[in-house]
Amino acid sequence: MGEAKVIPFGSPDDESGRGRRGNAQGGQRGSGGAGAAGASGHEPGAGPADSAEPGAGGPGAETGSAVPGGTWDQKVAQGLAFLRRRVTGEYEVDDFGYDPELTDQVLMSLLRPLYEKYFRVDVRGVENIPDDGSVLVVSNHSGTLPLDGLMLQVAVHDNHPAQRHLRLLAADLVFMLPVVNSLARKAGHTLACAEDAEALLGRGEVVGVMPEGFKGLGKPFSDRYKLQRFGRGGFVSTALRAGAPIVPCSIVGAEEIYPMVGNSRTLARLLGFPYFPVTPTFPWLGPLGAVPLPTKWTIQFGEPIETDGYPAGSADDPMLMFNLTDQIRETIQHTLYKLLVQRRSVFF
């Protein structure tokens, strides 16, 4: 199979790049290993992230958008063209390993049935994400397994007028797992660190972060929809340095897909995991117990919080970091409570 063309930050092929080191090997941190959790090639603007959009003119231009449509003849022709480019290496990845064509044509298509038919995701306020330019989406995190990050990625791409891509910042563990590591890189997820988050925002990307991390993902079912600590506000500092607006996001429905009623710390230590979940069906039913419950999801994007009006040096002000972090956390928590009051049931 041919080698893909790597587009490093700041190359002639990337009009908005900002001179950055490149390493497109999936699973490697690159030169700083950007974060992601999650997930995904993302924003409009010059660079490889746009090559799969209709009319972009890159290798993905022949196939256009991955949103369903077209006749069977067209789909077969697009599929054959896609395979040819895979074999000959006529496709592009950026120096984080993000493969926009594979994401649009394959990964999104695999996730879309789960998003549309199984979880029946209702998306609100996606227009609060700007049509272009950098933006940081900050969301709650839950569900035992990080399916909420993947559904958030599909929600932004399929519902935003500009079909923007969400680049998720993920924990180190994601890039230590075989197969998952490579797929996460190709989907645009990068390692959660300030340097790479700033690099992505500097290119005008939509970057997604879930500050609760494993504390939110692995919390017991009794603590559902109660936000955990948001850390020290590093994501706020990153947004301030980039002058990127912060869009709070609240996800309802993910908490119930794997009701975590216990945690086997011994198994977690043996396997190197932050927790080992025990649910009403797992591990008792074996692989069948890993099937998530078909809950009804709602994803709501709040009003953006502008950061470009703060004076220089604000990113180093700890009190400002604390206040903005607390404001974002309270906004997400309040919206979660509001959505919970409005929903009819967990499954409908």
# chains A, B, ... in the order shown; residues from 1 in each chain; ligands from 1
$ select_by_dssp --residues "stretch 113-340 of chain A" --states "strand (DSSP E or B)" --output "PyMOL selection string"
chain A and resi 122-124+135-139+166-170+190-191+206-209+246-252+262-263+277-278+298-301+305
$ residues_around --residues "A:Glu256" --least-positions-apart "2" --cutoff "7 Å" --atoms "only C-alpha atoms" --output "short mmCIF file (atom, residue, chain, number, x, y, z; two decimals) with C-alpha atoms, in the first residue's frame"
data_model
loop_
_atom_site.label_atom_id
_atom_site.label_comp_id
_atom_site.auth_asym_id
_atom_site.auth_seq_id
_atom_site.Cartn_x
_atom_site.Cartn_y
_atom_site.Cartn_z
CA GLY A 143 -20.60 6.59 30.07
CA GLY A 253 -28.02 10.12 27.71
CA ALA A 254 -24.46 8.83 27.86
CA TYR A 258 -23.29 1.36 30.98
CA PRO A 259 -24.63 1.86 34.53
CA THR A 295 -30.66 5.43 25.59
#
$ residues_around --residues "A:Lys186" --least-positions-apart "2" --cutoff "7 Å" --atoms "only C-alpha atoms" --output "PyMOL selection string"
chain A and resi 97-99+103+182-184+188
$ closest_residue --among "A:Ala81, A:Leu191, A:Val180, A:Ile257" --to "A:Glu101" --atoms "only C-alpha atoms"
A:Ala81
$ atom_distance --atom1 "atom CA of A:Ser142" --atom2 "atom CA of A:Gly216"
5.3 Å
$ residues_around --residues "A:Arg112" --least-positions-apart "4" --cutoff "8 Å" --atoms "only C-alpha atoms" --output "ChimeraX atom specification"
/A:108,116,154
$ atom_distance --atom1 "atom CA of A:Ala155" --atom2 "atom CA of A:Val123"
6.8 Å
$ residues_around --residues "A:Tyr115" --least-positions-apart "2" --cutoff "12 Å" --atoms "only C-alpha atoms" --output "ChimeraX atom specification"
/A:108-113,117-123,147-159,253-254,294-299
$ closest_residue --among "A:Arg329, A:Arg85, A:Arg124, A:Arg269" --to "A:Gly302" --atoms "only C-alpha atoms"
A:Arg124
$ atom_distance --atom1 "atom CA of A:Leu217" --atom2 "atom CA of A:Pro280"
17.1 Å
$ residues_around --residues "A:Phe214" --least-positions-apart "4" --cutoff "9 Å" --atoms "only C-alpha atoms" --output "list in words"
His141, Ser142, Thr144, Ala171, Gly218, Lys219, Pro274 and Tyr275 of chain A
$ write_last_selection --atoms "all heavy atoms" --output "compact mmCIF listing (two decimals), in the first residue's frame"
# COMPACT_ATOMS: atom_id res chain seq x y z
N HIS A 141 -18.20 14.56 30.48
CA HIS A 141 -17.69 13.26 30.02
C HIS A 141 -18.29 12.17 30.90
O HIS A 141 -18.28 12.28 32.13
CB HIS A 141 -16.17 13.25 30.14
CG HIS A 141 -15.48 12.26 29.27
ND1 HIS A 141 -16.09 11.64 28.20
CD2 HIS A 141 -14.21 11.77 29.31
CE1 HIS A 141 -15.22 10.83 27.61
NE2 HIS A 141 -14.08 10.89 28.26
N SER A 142 -18.82 11.11 30.28
CA SER A 142 -19.46 10.06 31.06
C SER A 142 -19.66 8.83 30.21
O SER A 142 -19.37 8.82 29.01
CB SER A 142 -20.82 10.55 31.58
OG SER A 142 -21.70 10.81 30.50
N THR A 144 -18.69 5.36 31.06
CA THR A 144 -17.81 4.20 31.26
C THR A 144 -16.86 3.98 30.09
O THR A 144 -15.66 3.82 30.26
CB THR A 144 -18.61 2.92 31.53
OG1 THR A 144 -19.49 3.16 32.64
CG2 THR A 144 -17.70 1.77 31.87
N ALA A 171 -6.89 11.15 26.30
CA ALA A 171 -5.93 10.74 27.33
C ALA A 171 -4.84 9.84 26.75
O ALA A 171 -5.01 9.24 25.67
CB ALA A 171 -6.67 10.00 28.45
N GLY A 218 -15.45 7.37 34.50
CA GLY A 218 -15.54 6.18 35.34
C GLY A 218 -16.22 6.41 36.67
O GLY A 218 -16.01 5.63 37.61
N LYS A 219 -17.04 7.45 36.77
CA LYS A 219 -17.71 7.68 38.06
C LYS A 219 -18.87 6.71 38.23
O LYS A 219 -19.45 6.23 37.25
CB LYS A 219 -18.19 9.13 38.15
CG LYS A 219 -19.28 9.55 37.19
CD LYS A 219 -19.71 10.99 37.47
CE LYS A 219 -20.76 11.47 36.49
NZ LYS A 219 -20.22 11.74 35.16
N PRO A 274 -7.47 2.85 34.51
CA PRO A 274 -7.81 3.71 35.65
C PRO A 274 -8.96 3.15 36.48
O PRO A 274 -9.11 3.50 37.65
CB PRO A 274 -8.21 5.03 34.99
CG PRO A 274 -8.60 4.67 33.59
CD PRO A 274 -7.73 3.51 33.23
N TYR A 275 -9.77 2.28 35.90
CA TYR A 275 -10.86 1.62 36.61
C TYR A 275 -11.28 0.40 35.80
O TYR A 275 -10.98 0.29 34.61
CB TYR A 275 -12.07 2.56 36.80
CG TYR A 275 -12.61 3.12 35.50
CD1 TYR A 275 -13.57 2.44 34.77
CD2 TYR A 275 -12.13 4.32 34.99
CE1 TYR A 275 -14.04 2.92 33.57
CE2 TYR A 275 -12.59 4.83 33.80
CZ TYR A 275 -13.54 4.13 33.08
OH TYR A 275 -13.99 4.62 31.87
$ residues_around --residues "A:His334" --least-positions-apart "4" --cutoff "12 Å" --atoms "only C-alpha atoms" --output "ChimeraX atom specification"
/A:140,225-227,248-251,300,302,326-330,338-341
$ select_by_dssp --residues "stretch 91-262 of chain A" --states "helix (DSSP H, G or I)" --output "NGL selection string"
:A and (100-118 or 126-128 or 147-159 or 172-176 or 180-186 or 194-202 or 213-217 or 221-223 or 234-242 or 254-256)
$ closest_residue --among "A:Gln333, A:Gln342, A:Asn128, A:Asn323" --to "A:Phe301" --atoms "only C-alpha atoms"
A:Asn128
$ closest_residue --among "A:Ala77, A:Val106, A:Val138, A:Leu168" --to "A:Glu212" --atoms "only C-alpha atoms"
A:Val138
$ closest_residue --among "A:Ile246, A:Val87, A:Leu324, A:Val252" --to "A:Ile305" --atoms "only C-alpha atoms"
A:Ile246
